[in-house]
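Coordinates as given in my_file_5.txt (compact mmCIF, C-alpha atoms):
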# COMPACT_ATOMS: atom_id res chain seq x y z
CA MET J 1267 44.95 58.03 25.60
CA ALA J 1268 43.91 56.03 22.55
CA ARG J 1269 44.73 58.98 20.29
CA THR J 1270 48.26 59.20 21.45
CA ILE J 1271 48.73 55.47 20.89
CA ILE J 1272 47.37 55.70 17.38
CA LYS J 1273 49.54 58.72 16.53
CA GLN J 1274 52.66 57.00 17.62
CA ILE J 1275 51.76 53.85 15.72
CA PHE J 1276 51.00 55.75 12.53
CA LYS J 1277 54.48 57.24 12.72
CA ILE J 1278 55.84 53.76 12.59
CA MET J 1279 53.53 52.87 9.74
CA SER J 1280 54.55 55.85 7.66
CA SER J 1281 58.06 54.61 7.61
CA TYR J 1282 56.77 51.21 6.47
CA LYS J 1283 56.23 50.13 2.86
CA PRO J 1284 53.75 52.17 0.88
CA PHE J 1285 50.32 50.76 0.12
CA LYS J 1286 50.94 50.51 -3.61
CA ASN J 1287 53.21 47.54 -3.18
CA TYR J 1288 50.55 45.45 -1.56
CA ARG J 1289 48.46 43.30 -3.92
CA ASN J 1290 45.54 43.28 -1.65
CA LEU J 1291 44.20 45.77 0.81
CA ASN J 1292 43.57 42.92 3.23
CA ASN J 1293 47.26 42.04 3.34
CA PHE J 1294 48.07 45.61 4.19
CA VAL J 1295 45.51 45.75 6.92
CA SER J 1296 46.68 42.47 8.48
CA LYS J 1297 50.18 43.93 8.53
CA ILE J 1298 48.86 47.00 10.30
CA ASN J 1299 47.18 44.83 12.90
CA LYS J 1300 50.44 43.00 13.51
CA ILE J 1301 52.32 46.25 13.86
CA PHE J 1302 49.78 47.49 16.37
CA ARG J 1303 50.31 44.50 18.55
CA ILE J 1304 54.05 44.77 18.49
CA ALA J 1305 53.91 48.44 19.24
CA LEU J 1306 51.50 48.01 22.10
CA PHE J 1307 53.60 45.28 23.59
CA TYR J 1308 56.66 47.46 23.28
CA TYR J 1309 55.11 50.54 24.71
CA TYR J 1310 52.49 49.37 27.14
CA ASN J 1311 53.26 45.72 27.86
CA HIS J 1312 49.93 44.42 26.67
CA ASN J 1313 48.88 43.03 23.34
CA ASP J 1314 45.34 43.92 23.02
CA LEU J 1315 44.16 47.34 22.06
CA GLY J 1316 40.58 46.19 22.04
CA PHE J 1317 40.04 46.72 18.34
CA ASN J 1318 41.46 45.80 14.98
CA PHE J 1319 41.52 47.44 11.59
CA ALA J 1320 39.28 46.06 8.86
CA SER J 1321 39.16 47.02 5.21
CA VAL J 1322 36.74 47.06 2.33
CA GLU J 1323 37.92 47.73 -1.19
CA VAL J 1324 35.54 49.61 -3.37
CA ASN J 1325 37.25 50.29 -6.68
CA SER J 1326 40.58 48.55 -7.01
CA LYS J 1327 42.65 47.36 -9.93
CA TRP J 1328 43.18 43.97 -8.51
CA ASN J 1329 39.58 43.08 -7.65
CA ASN J 1330 37.16 41.79 -10.19
CA ILE J 1331 34.99 44.67 -11.06
CA ILE J 1332 31.33 43.64 -10.94
CA PRO J 1333 29.32 45.80 -13.29
CA GLU J 1334 26.39 47.43 -11.64
CA GLN J 1335 23.11 45.88 -12.76
CA LYS J 1336 19.68 47.30 -12.62
CA PHE J 1337 17.33 45.41 -10.39
CA SER J 1338 14.68 43.56 -12.46
CA ILE J 1339 11.92 41.55 -10.88
CA GLN J 1340 11.81 38.98 -13.65
CA ASP J 1341 15.48 38.11 -13.26
CA PHE J 1342 15.11 37.98 -9.53
CA ILE J 1343 12.21 35.53 -9.82
CA GLN J 1344 14.00 33.34 -12.32
CA GLU J 1345 17.37 33.21 -10.64
CA ASN J 1346 16.98 33.87 -6.97
CA ILE J 1347 13.84 31.88 -6.14
CA LEU J 1348 13.94 28.10 -6.48
CA TRP J 1349 10.70 26.78 -7.85
CA ALA J 1350 9.37 23.29 -7.09
CA VAL J 1351 12.54 22.04 -5.52
CA PRO J 1352 12.86 20.02 -2.35
CA LYS J 1353 14.14 22.02 0.56
CA LYS J 1354 15.06 19.08 2.74
CA ARG J 1355 15.56 15.36 2.31
CA ARG J 1356 12.43 13.42 3.10
CA SER J 1357 12.88 11.64 6.40
CA LEU J 1358 12.45 7.90 6.72
CA GLU J 1359 9.31 8.37 8.77
CA LYS J 1360 7.69 10.44 6.05
CA ARG J 1361 8.66 7.89 3.41
CA MET J 1362 7.20 5.06 5.42
CA THR J 1363 3.92 6.88 5.98
CA ARG J 1364 3.60 7.32 2.25
CA LYS J 1365 4.21 3.64 1.76
CA PHE J 1366 2.26 1.97 4.53
CA GLY J 1367 0.37 4.84 6.11
CA LEU J 1368 -0.27 5.51 9.76
CA LEU J 1369 -2.69 3.05 11.32
CA ASP J 1370 -4.25 5.77 13.47
CA ARG J 1371 -4.84 8.29 10.72
CA HIS J 1372 -4.35 7.37 7.08
CA SER J 1373 -3.99 3.62 6.92
CA LYS J 1374 -2.96 2.28 3.55
CA LEU J 1375 -3.17 -1.27 4.86
CA PHE J 1376 -6.26 -3.34 4.40
CA LEU J 1377 -7.89 -3.97 7.75
CA LYS J 1378 -10.19 -6.80 8.68
CA GLN J 1379 -13.84 -5.83 8.38
CA LYS J 1380 -15.69 -6.74 11.51
CA ASP J 1381 -19.25 -6.03 10.35
CA LEU J 1382 -19.80 -9.00 8.06
CA LEU J 1383 -22.97 -10.96 8.74
CA VAL J 1384 -24.55 -14.08 7.30
CA CYS J 1385 -27.65 -13.71 5.11
CA ILE J 1386 -30.52 -15.79 6.49
CA HIS J 1387 -32.00 -16.38 3.03
CA CYS J 1388 -29.03 -17.59 1.03
CA GLY J 1389 -26.22 -18.16 3.55
CA CYS J 1390 -23.74 -15.79 1.94
CA ASP J 1391 -21.86 -13.03 3.73
CA TYR J 1392 -23.02 -9.45 3.51
CA LYS J 1393 -21.87 -6.20 5.04
CA ARG J 1394 -24.03 -4.61 7.70
CA GLY J 1395 -26.04 -1.81 6.15
CA TYR J 1396 -25.68 -3.19 2.62
CA LEU J 1397 -27.72 -5.67 0.65
CA CYS J 1398 -26.67 -9.27 0.33
CA LYS J 1399 -24.90 -9.47 -3.00
CA ASN J 1400 -26.19 -12.93 -3.85
CA CYS J 1401 -29.83 -12.11 -3.17
CA TYR J 1402 -29.59 -8.77 -4.92
CA THR J 1403 -28.11 -10.25 -8.10
CA LYS J 1404 -30.91 -12.82 -8.08
CA VAL J 1405 -33.51 -10.07 -7.94
CA MET J 1406 -31.70 -7.97 -10.55
CA ASP J 1407 -31.64 -10.84 -13.02
CA GLU J 1408 -35.35 -11.50 -12.59
CA THR J 1409 -36.24 -7.82 -13.05
CA LYS J 1410 -34.15 -7.69 -16.19
CA ARG J 1411 -36.00 -10.68 -17.60
CA MET J 1412 -39.34 -9.06 -16.76
CA GLN J 1413 -38.30 -5.80 -18.37
CA ASP J 1414 -37.20 -7.57 -21.54
CA ARG J 1415 -40.52 -9.44 -21.73
CA ILE J 1416 -42.50 -6.23 -21.17
CA SER J 1417 -40.63 -4.37 -23.90
CA GLU J 1418 -41.25 -7.33 -26.22
CA GLU J 1419 -44.99 -7.20 -25.57
CA LEU J 1420 -45.60 -3.46 -25.51
CA LYS J 1421 -43.01 -2.42 -28.08
CA LEU J 1422 -43.66 1.27 -28.78
CA ASP J 1423 -47.37 1.44 -27.89
CA PRO J 1424 -48.49 4.20 -25.53
CA ILE J 1425 -49.20 3.06 -22.02
CA ASP J 1426 -52.84 3.96 -21.39
CA LYS J 1427 -53.75 0.87 -19.40
CA GLU J 1428 -52.21 -0.66 -16.33
CA VAL J 1429 -49.57 -3.26 -17.10
CA VAL J 1430 -49.57 -6.51 -15.14
CA VAL J 1431 -46.91 -9.20 -15.31
CA LEU J 1432 -48.15 -12.73 -14.82
CA TYR J 1433 -46.24 -15.92 -14.60
CA LYS J 1434 -47.11 -19.28 -16.01
CA GLY J 1435 -50.41 -20.65 -14.71
CA GLU J 1436 -51.73 -17.43 -13.19
CA LYS J 1437 -53.89 -16.23 -16.04
CA ASP J 1438 -56.53 -18.88 -15.47
CA GLU J 1439 -58.42 -16.61 -13.06
CA SER J 1440 -61.60 -14.87 -14.15
CA GLN J 1441 -61.26 -12.66 -17.20
CA GLU J 1442 -63.19 -9.81 -15.64
CA PHE J 1443 -60.41 -9.16 -13.21
CA TRP J 1444 -57.96 -8.44 -16.00
CA LYS J 1445 -60.44 -6.32 -18.07
CA ASP J 1446 -58.80 -2.89 -17.81
CA LYS J 1447 -55.30 -4.16 -17.63
CA ARG J 1448 -52.65 -5.07 -20.15
CA ILE J 1449 -51.22 -8.48 -19.45
CA VAL J 1450 -47.61 -9.53 -20.01
CA GLU J 1451 -47.01 -13.24 -19.62
CA MET J 1452 -43.73 -14.73 -18.48
CA PRO J 1453 -42.92 -18.15 -19.90
CA VAL J 1454 -41.53 -19.42 -16.57
CA GLU J 1455 -43.15 -20.32 -13.28
CA ARG J 1456 -43.16 -17.76 -10.51
CA PRO J 1457 -39.99 -17.93 -8.42
CA VAL J 1458 -40.48 -18.98 -4.82
CA TRP J 1459 -39.08 -15.78 -3.27
CA PHE J 1460 -41.26 -13.48 -5.42
CA SER J 1461 -44.63 -13.24 -3.75
CA LYS J 1462 -47.68 -11.76 -5.47
CA ASN J 1463 -48.16 -9.22 -2.71
CA LEU J 1464 -45.03 -7.34 -3.67
CA LEU J 1465 -46.58 -5.79 -6.77
CA GLN J 1466 -49.92 -5.18 -5.19
CA LYS J 1467 -50.72 -1.49 -4.84
CA SER J 1468 -51.40 -0.39 -1.32
CA THR J 1469 -53.70 2.50 -2.28
CA THR J 1470 -56.26 1.74 -4.95
CA THR J 1471 -59.01 4.17 -5.96
CA THR J 1472 -61.95 2.99 -8.01
CA SER J 1473 -64.20 5.61 -9.63
CA ASP J 1474 -67.34 5.31 -11.71
CA THR J 1475 -67.35 8.85 -13.10
CA ASN J 1476 -65.17 10.22 -15.88
CA GLU J 1477 -64.77 13.59 -14.25
CA ILE J 1478 -61.40 14.30 -12.82
CA LYS J 1479 -61.20 16.46 -9.74
CA PRO J 1480 -58.08 18.43 -9.12
CA ASP J 1481 -56.39 17.57 -5.85
CA ASN J 1482 -53.85 19.25 -3.58
CA LEU J 1483 -55.47 22.64 -4.06
CA GLY J 1484 -54.23 25.55 -1.96
CA MET Z 58 15.90 -45.21 -11.60
CA GLN Z 59 19.21 -46.20 -10.02
CA ASN Z 60 20.03 -42.58 -9.46
CA THR Z 61 16.79 -41.97 -7.52
CA ILE Z 62 17.28 -45.10 -5.45
CA SER Z 63 20.79 -44.08 -4.52
CA ASN Z 64 19.55 -40.63 -3.60
CA VAL Z 65 16.77 -42.03 -1.44
CA ILE Z 66 19.28 -44.21 0.35
CA LYS Z 67 21.45 -41.15 0.90
CA LEU Z 68 18.52 -39.29 2.38
CA THR Z 69 17.52 -42.07 4.76
CA ARG Z 70 21.15 -42.48 5.86
CA SER Z 71 21.37 -38.73 6.48
CA PHE Z 72 18.16 -38.79 8.50
CA LEU Z 73 19.32 -41.67 10.65
CA SER Z 74 22.70 -40.09 11.40
CA ILE Z 75 22.89 -37.96 14.55
CA ASN Z 76 24.27 -34.86 12.82
CA ASN Z 77 21.51 -34.35 10.34
CA VAL Z 78 18.55 -35.01 12.63
CA THR Z 79 19.08 -31.68 14.33
CA SER Z 80 19.47 -29.67 11.13
CA HIS Z 81 16.54 -28.62 9.01
CA PRO Z 82 15.29 -31.40 6.75
CA MET Z 83 15.36 -29.01 3.82
CA LYS Z 84 19.16 -28.98 3.91
CA ASN Z 85 19.25 -32.66 3.11
CA ILE Z 86 17.40 -32.10 -0.08
CA ILE Z 87 19.58 -29.25 -1.19
CA ASN Z 88 22.81 -31.03 -0.26
CA SER Z 89 21.84 -34.25 -1.89
CA SER Z 90 21.50 -32.41 -5.17
CA LEU Z 91 18.25 -34.04 -6.12
CA PHE Z 92 17.16 -30.74 -7.56
CA SER Z 93 19.07 -27.85 -9.01
CA THR Z 94 19.01 -24.60 -7.13
CA SER Z 95 18.55 -22.03 -9.89
CA THR Z 96 15.93 -19.50 -8.98
CA ILE Z 97 15.14 -17.03 -11.73
CA ASN Z 98 14.75 -18.86 -14.99
CA LEU Z 99 13.54 -22.34 -14.32
CA LYS Z 100 13.61 -24.88 -17.05
CA ASP Z 101 10.91 -27.43 -17.69
CA LYS Z 102 11.68 -30.08 -15.11
CA GLU Z 103 13.10 -27.80 -12.45
CA ILE Z 104 11.06 -27.07 -9.35
CA SER Z 105 11.24 -23.71 -7.62
CA HIS Z 106 12.55 -23.41 -4.08
CA TRP Z 107 9.13 -22.69 -2.63
CA MET Z 108 7.54 -25.84 -3.94
CA LYS Z 109 10.43 -27.93 -2.67
CA TYR Z 110 9.09 -27.39 0.81
CA ASN Z 111 6.22 -29.67 -0.15
CA ASP Z 112 8.63 -32.52 -0.87
CA ILE Z 113 10.39 -32.58 2.48
CA ILE Z 114 10.10 -35.91 4.24
CA PHE Z 115 10.43 -35.38 7.96
CA PRO Z 116 11.94 -38.02 10.21
CA PRO Z 117 9.38 -40.05 12.14
CA GLN Z 118 8.21 -38.49 15.38
CA GLY Z 119 8.48 -40.11 18.78
CA PRO Z 120 5.41 -41.26 20.72
CA THR Z 121 5.53 -38.35 23.20
CA GLU Z 122 6.20 -35.63 20.62
CA LYS Z 123 3.44 -33.24 19.64
CA ARG Z 124 2.00 -33.99 16.22
CA ARG Z 125 3.53 -31.85 13.51
CA PRO Z 126 0.72 -30.00 11.68
CA ALA Z 127 0.32 -30.61 7.99
CA TYR Z 128 1.16 -27.76 5.66
CA VAL Z 129 0.95 -26.98 1.97
CA CYS Z 130 3.03 -24.53 -0.08
CA ASN Z 131 1.87 -23.14 -3.37
CA GLU Z 132 2.96 -20.47 -5.79
CA LEU Z 133 1.36 -18.49 -8.59
CA LYS Z 134 3.79 -17.16 -11.14
CA ASN Z 135 3.62 -14.08 -13.32
CA VAL Z 136 0.29 -12.62 -12.42
CA LYS Z 137 -0.40 -9.40 -14.33
CA PHE Z 138 -0.50 -7.16 -11.29
CA SER Z 139 1.99 -4.83 -9.69
CA PRO Z 140 3.91 -6.43 -6.84
CA LYS Z 141 3.76 -3.21 -4.85
CA LYS Z 142 -0.03 -3.36 -4.88
CA MET Z 143 -0.08 -7.10 -4.30
CA TRP Z 144 1.96 -6.65 -1.14
CA TYR Z 145 -0.95 -4.98 0.64
CA ILE Z 146 -3.30 -7.84 -0.14
CA CYS Z 147 -0.80 -10.60 0.66
CA SER Z 148 0.03 -9.01 3.99
CA PHE Z 149 -3.66 -8.63 4.73
CA ILE Z 150 -4.44 -12.35 4.90
CA ARG Z 151 -1.47 -13.37 7.03
CA GLY Z 152 -2.55 -15.10 10.21
CA LEU Z 153 -6.19 -15.50 9.21
CA SER Z 154 -8.01 -18.76 8.97
CA VAL Z 155 -8.67 -19.80 5.43
CA GLU Z 156 -12.44 -19.30 5.67
CA GLU Z 157 -12.00 -15.86 7.21
CA ALA Z 158 -9.48 -14.92 4.53
CA LEU Z 159 -11.86 -15.85 1.73
CA LYS Z 160 -14.68 -13.94 3.40
CA GLN Z 161 -12.57 -10.80 3.87
CA LEU Z 162 -11.01 -10.90 0.41
CA GLN Z 163 -14.47 -10.69 -1.16
CA CYS Z 164 -14.93 -7.25 0.34
CA ILE Z 165 -11.72 -5.81 -1.12
CA LYS Z 166 -12.15 -3.95 -4.38
CA SER Z 167 -8.97 -5.01 -6.07
CA LYS Z 168 -7.91 -7.29 -8.87
CA GLY Z 169 -5.31 -8.82 -6.60
CA ALA Z 170 -8.03 -9.90 -4.20
CA LEU Z 171 -9.83 -11.82 -6.95
CA VAL Z 172 -6.55 -13.46 -7.89
CA LEU Z 173 -5.84 -14.43 -4.31
CA ILE Z 174 -9.30 -15.92 -3.80
CA ASP Z 175 -8.80 -18.39 -6.64
CA PHE Z 176 -5.25 -19.02 -5.55
CA LEU Z 177 -6.32 -19.79 -1.99
CA LYS Z 178 -8.99 -22.20 -3.16
CA GLU Z 179 -6.41 -23.98 -5.32
CA THR Z 180 -3.98 -24.36 -2.46
CA ILE Z 181 -6.69 -25.76 -0.22
CA ASP Z 182 -7.53 -28.36 -2.86
CA LEU Z 183 -3.87 -29.18 -3.23
CA GLY Z 184 -3.48 -29.65 0.50
CA VAL Z 185 -6.50 -31.87 0.83
CA ASN Z 186 -5.72 -34.00 -2.19
CA GLU Z 187 -1.97 -34.38 -2.02
CA HIS Z 188 -0.55 -33.21 1.27
CA ASN Z 189 -2.45 -35.04 3.94
CA VAL Z 190 -4.65 -32.22 5.17
CA GLU Z 191 -7.60 -33.66 7.02
CA PHE Z 192 -10.18 -30.87 7.01
CA ARG Z 193 -10.51 -28.14 4.42
CA SER Z 194 -11.59 -25.49 6.91
CA ASN Z 195 -8.99 -26.34 9.51
CA LEU Z 196 -6.26 -24.38 7.72
CA TRP Z 197 -4.74 -20.97 8.34
CA VAL Z 198 -2.46 -18.75 6.31
CA SER Z 199 0.94 -18.96 7.94
CA GLU Z 200 2.92 -17.37 5.11
CA SER Z 201 1.76 -15.18 2.27
CA PHE Z 202 4.03 -12.90 0.29
CA CYS Z 203 4.81 -11.77 -3.22
CA ASN Z 204 7.75 -10.68 -5.29
CA LYS Z 205 8.24 -9.35 -8.77
CA GLY Z 206 7.91 -11.54 -11.81
CA ILE Z 207 8.76 -10.59 -15.36
CA THR Z 208 8.55 -6.99 -16.45
CA ALA Z 209 7.50 -6.36 -20.02
CA LYS Z 210 8.45 -3.02 -21.47
CA GLY Z 211 6.71 -0.77 -23.92
CA LEU Z 212 6.81 2.77 -25.20
CA ARG Z 213 4.48 5.65 -24.87
CA ARG Z 214 4.43 8.98 -26.62
CA GLY Z 215 4.43 11.98 -24.34
CA ALA Z 216 4.19 15.70 -24.93
CA LYS Z 217 6.55 17.35 -27.41
CA LYS Z 218 7.60 14.13 -29.14
CA LYS Z 219 9.05 12.76 -25.93
CA ILE Z 220 9.06 8.95 -25.77
CA THR Z 221 8.93 7.29 -22.37
CA LYS Z 222 9.13 3.65 -21.32
CA ILE Z 223 6.15 1.89 -19.80
CA ARG Z 224 6.65 -1.08 -17.52
CA TYR Z 225 4.05 -3.81 -17.49
CA ARG Z 226 4.64 -5.42 -14.16
CA TYR Z 227 3.96 -8.98 -13.12
CA CYS Z 228 4.17 -10.55 -9.68
CA ASN Z 229 4.57 -13.97 -8.16
CA CYS Z 230 2.41 -14.94 -5.19
CA TYR Z 231 3.39 -17.50 -2.58
CA LEU Z 232 1.21 -19.14 0.03
CA LYS Z 233 1.79 -21.55 2.90
CA LEU Z 234 -1.24 -22.95 4.65
CA GLU Z 235 -0.91 -24.82 7.92
CA GLU Z 236 -3.33 -27.08 9.64
CA GLY Z 237 -4.87 -25.99 12.91
CA GLN Z 238 -6.23 -22.90 14.58
CA PRO Z 239 -4.74 -19.55 13.60
CA PRO Z 240 -2.84 -17.51 16.19
CA VAL Z 241 -4.98 -15.13 18.23
CA ASP Z 242 -3.40 -11.91 16.97
CA TYR Z 243 -0.83 -12.25 14.21
CA TYR Z 244 0.16 -8.58 14.00
CA CYS Z 245 -0.31 -7.95 17.74
CA ARG Z 246 -2.64 -5.06 17.05
CA GLU Z 247 -5.29 -6.13 19.54
CA ALA Z 248 -2.72 -6.09 22.33
CA GLU Z 249 -2.32 -2.32 21.84
CA ASN Z 250 -6.03 -1.70 22.28
CA THR Z 251 -6.44 -3.14 25.77
CA GLY Z 252 -7.08 -0.78 28.69
CA PRO Z 253 -3.77 -1.23 30.50
CA ALA Z 254 -1.78 -0.91 27.26
CA MET Z 255 -3.54 2.30 26.28
CA LEU Z 256 -3.02 3.71 29.74
CA ASP Z 257 0.70 2.98 29.60
CA LYS Z 258 0.95 4.62 26.20
CA TRP Z 259 -0.87 7.73 27.41
CA LEU Z 260 1.29 7.95 30.49
CA LYS Z 261 4.45 7.67 28.42
CA GLN Z 262 3.27 10.47 26.14
CA ILE Z 263 2.34 12.68 29.06
CA ARG Z 264 5.63 12.11 30.82
CA SER Z 265 7.67 12.85 27.73
CA ARG Z 266 6.37 16.38 27.50
CA LYS Z 267 8.85 19.22 27.88
CA ILE Z 268 8.48 22.89 28.71
CA ASN Z 269 10.77 24.68 26.30
CA ASN Z 270 13.63 26.79 27.65
CA SER Z 271 13.13 25.33 31.10
CA LEU Z 272 15.69 23.85 33.39

Can you dump the structure from the file as structure tokens?
Amino acid sequence: MARTIIKQIFKIMSSYKPFKNYRNLNNFVSKINKIFRIALFYYYNHNDLGFNFASVEVNSKWNNIIPEQKFSIQDFIQENILWAVPKKRRSLEKRMTRKFGLLDRHSKLFLKQKDLLVCIHCGCDYKRGYLCKNCYTKVMDETKRMQDRISEELKLDPIDKEVVVLYKGEKDESQEFWKDKRIVEMPVERPVWFSKNLLQKSTTTTSDTNEIKPDNLG
Amino acid sequence: MQNTISNVIKLTRSFLSINNVTSHPMKNIINSSLFSTSTINLKDKEISHWMKYNDIIFPPQGPTEKRRPAYVCNELKNVKFSPKKMWYICSFIRGLSVEEALKQLQCIKSKGALVLIDFLKETIDLGVNEHNVEFRSNLWVSESFCNKGITAKGLRRGAKKKITKIRYRYCNCYLKLEEGQPPVDYYCREAENTGPAMLDKWLKQIRSRKINNSL
């Protein structure tokens, strides 16, 4: 059935203008499609054949001839892949998270610290789990002064004796006590918060012999 | 002298008249042209708009009216710190009592925090000395914000002889301290963390779920 239709229509086409006069194959094909419809309507009282002609030009005078190129990976990478380029516009939500952060996850805002306590010694605020800054700086300054005084006294001598730091008015005790020890005197009185017990050694061994026994064997 | 007297008379007249009592007292100052209203480049005797709030004279209050709390405005111009960074610190202390703000700012590791500590202390002194604030510790930060100050420009050599501009940014900080107790929750963050509120939020999330490709 379809064959007969097509044969009859081609007869009509053959009497029509030759292909050479058409600039474009597409124009010719659209004309064919039109003719089909007219013919069908004339012969069979319905427009639609159920298909249309389509065309693809391969080598034609009137098309721009694209020279065939060899496929090179380097060119492909340079031209056909976009490097480091945004694919989509950043949404407002994303921009705001970068600016202010998300409170639940990555908060860029400063949040009130709820674990600040009051130091009982000096009255300043300190963070729970950390040392009170005021007290610590006080201690640091005193240790620095002691260290300076010690380095002044000892200079570059080897340390063969125990070194003891005494404050003003503490050296008046019996001389025997300080026999084996090297004394460093501080010119100031002992600060109130620095008790003597702090530098007292908890484990002291006194020996009369000169022999040394090795310990922690096997 | 005559000019100031005439202006004062104008002000009092405007306050007594019915029309101007309802409008904001600040408008009287601006309309009476006691001060010029240039904002960016102030000359020697000009006062910026923020500090003008200190000079408002409110009409006397009636016997039944609630006492208007004292406030103090202060500004710090051209601090060598980026305004974008300063924003975080300024927004941090909003709604806190002054003592709390000082305590919290000490824990922040930022140059802006150090700047704000000194600035806060200055404003407190200003309030107590000049603006009728009764107790130093009875203040809270009602307004704190910053904007950009001057921007100095420099050059910097980059790779392959490329010269780029550097911007040395400065910011202006503004503070308004009010007398009284601070509000319970300035940013309303605590309200989200109550049991009923969290439940509602969870329910909303659960109910907004969708099975894809379903009816």

Compute the chain J side of the contact with chain Z at 9 Å, counting only C-alpha atoms, and hand it back as a ChimeraX atom specification. /J:1366,1374-1379,1382,1391-1393

Could you jot down the atom CA of Z:Trp259 to atom CA of J:Gly1367 separation for me, Å, one decimal place?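 Between atom CA of Z:Trp259 and atom CA of J:Gly1367 the gap is 21.5 Å.
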
Please provide as a list in words all residues within 10 Å of stretch 1384-1386 of chain J, with the sequence filter that same-chain residues fewer than 3 positions apart are discarded (counting all atoms listed in the file).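 So, after excluding close chain neighbours, the residues are Gly1389, Cys1390, Asp1391, Tyr1392, Lys1393, Arg1394, Leu1397, Cys1398, Lys1399, Asn1400 and Cys1401 of chain J.
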
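What separates atom CA of J:Asp1341 from atom CA of J:Lys1353 is a distance of 21.3 Å.
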
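Of the listed residues Z:His106, Z:Lys134, Z:Lys222, Z:Arg151, the one whose atoms come nearest to Z:Asn204 is Z:Lys134, with distances taken using all atoms listed in the file.
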
Might you pull out every residue within 7 Å of stretch 107-111 of chain Z, with all atoms listed in the file counted and same-chain residues fewer than 4 positions away left off, and present them as a ChimeraX atom specification? /Z:129-131

Coordinates-based distance that separates atom CA of Z:Glu236 from atom CA of Z:Pro126 (Å, one decimal):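 That distance, rounded to one decimal, is 5.4 Å.
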
(2.1, -11.2, 13.8) in this file's frame - what residues fall within 8 Å of it? Use all atoms listed in the file and give the answer as a PDB file with C-alpha atoms, in the coordinates of the input.
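Everything below was put into part19.pdb:
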ATOM      1  CA  ARG Z 151      -1.470 -13.370   7.030  1.00  0.00           C
ATOM      2  CA  GLY Z 152      -2.550 -15.100  10.210  1.00  0.00           C
ATOM      3  CA  ASP Z 242      -3.400 -11.910  16.970  1.00  0.00           C
ATOM      4  CA  TYR Z 243      -0.830 -12.250  14.210  1.00  0.00           C
ATOM      5  CA  TYR Z 244       0.160  -8.580  14.000  1.00  0.00           C
ATOM      6  CA  CYS Z 245      -0.310  -7.950  17.740  1.00  0.00           C
TER       7      CYS Z 245
END

Using all atoms listed in the file for the distances, tell me which of Z:Lys261, Z:Arg266, Z:Ser139, Z:Glu132 is nearest to Z:Ser201.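 Ranked by minimum distance to Z:Ser201, first place goes to Z:Glu132.
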
How big is the axis-aligned box around all listed atoms of stretch 232-247 of chain Z once 6 Å goes on each side, and where's its centre, in Å to one decimal, as AutoDock Vina command-line options?
--center_x -2.2 --center_y -16.1 --center_z 9.8 --size_x 20.0 --size_y 34.0 --size_z 31.5
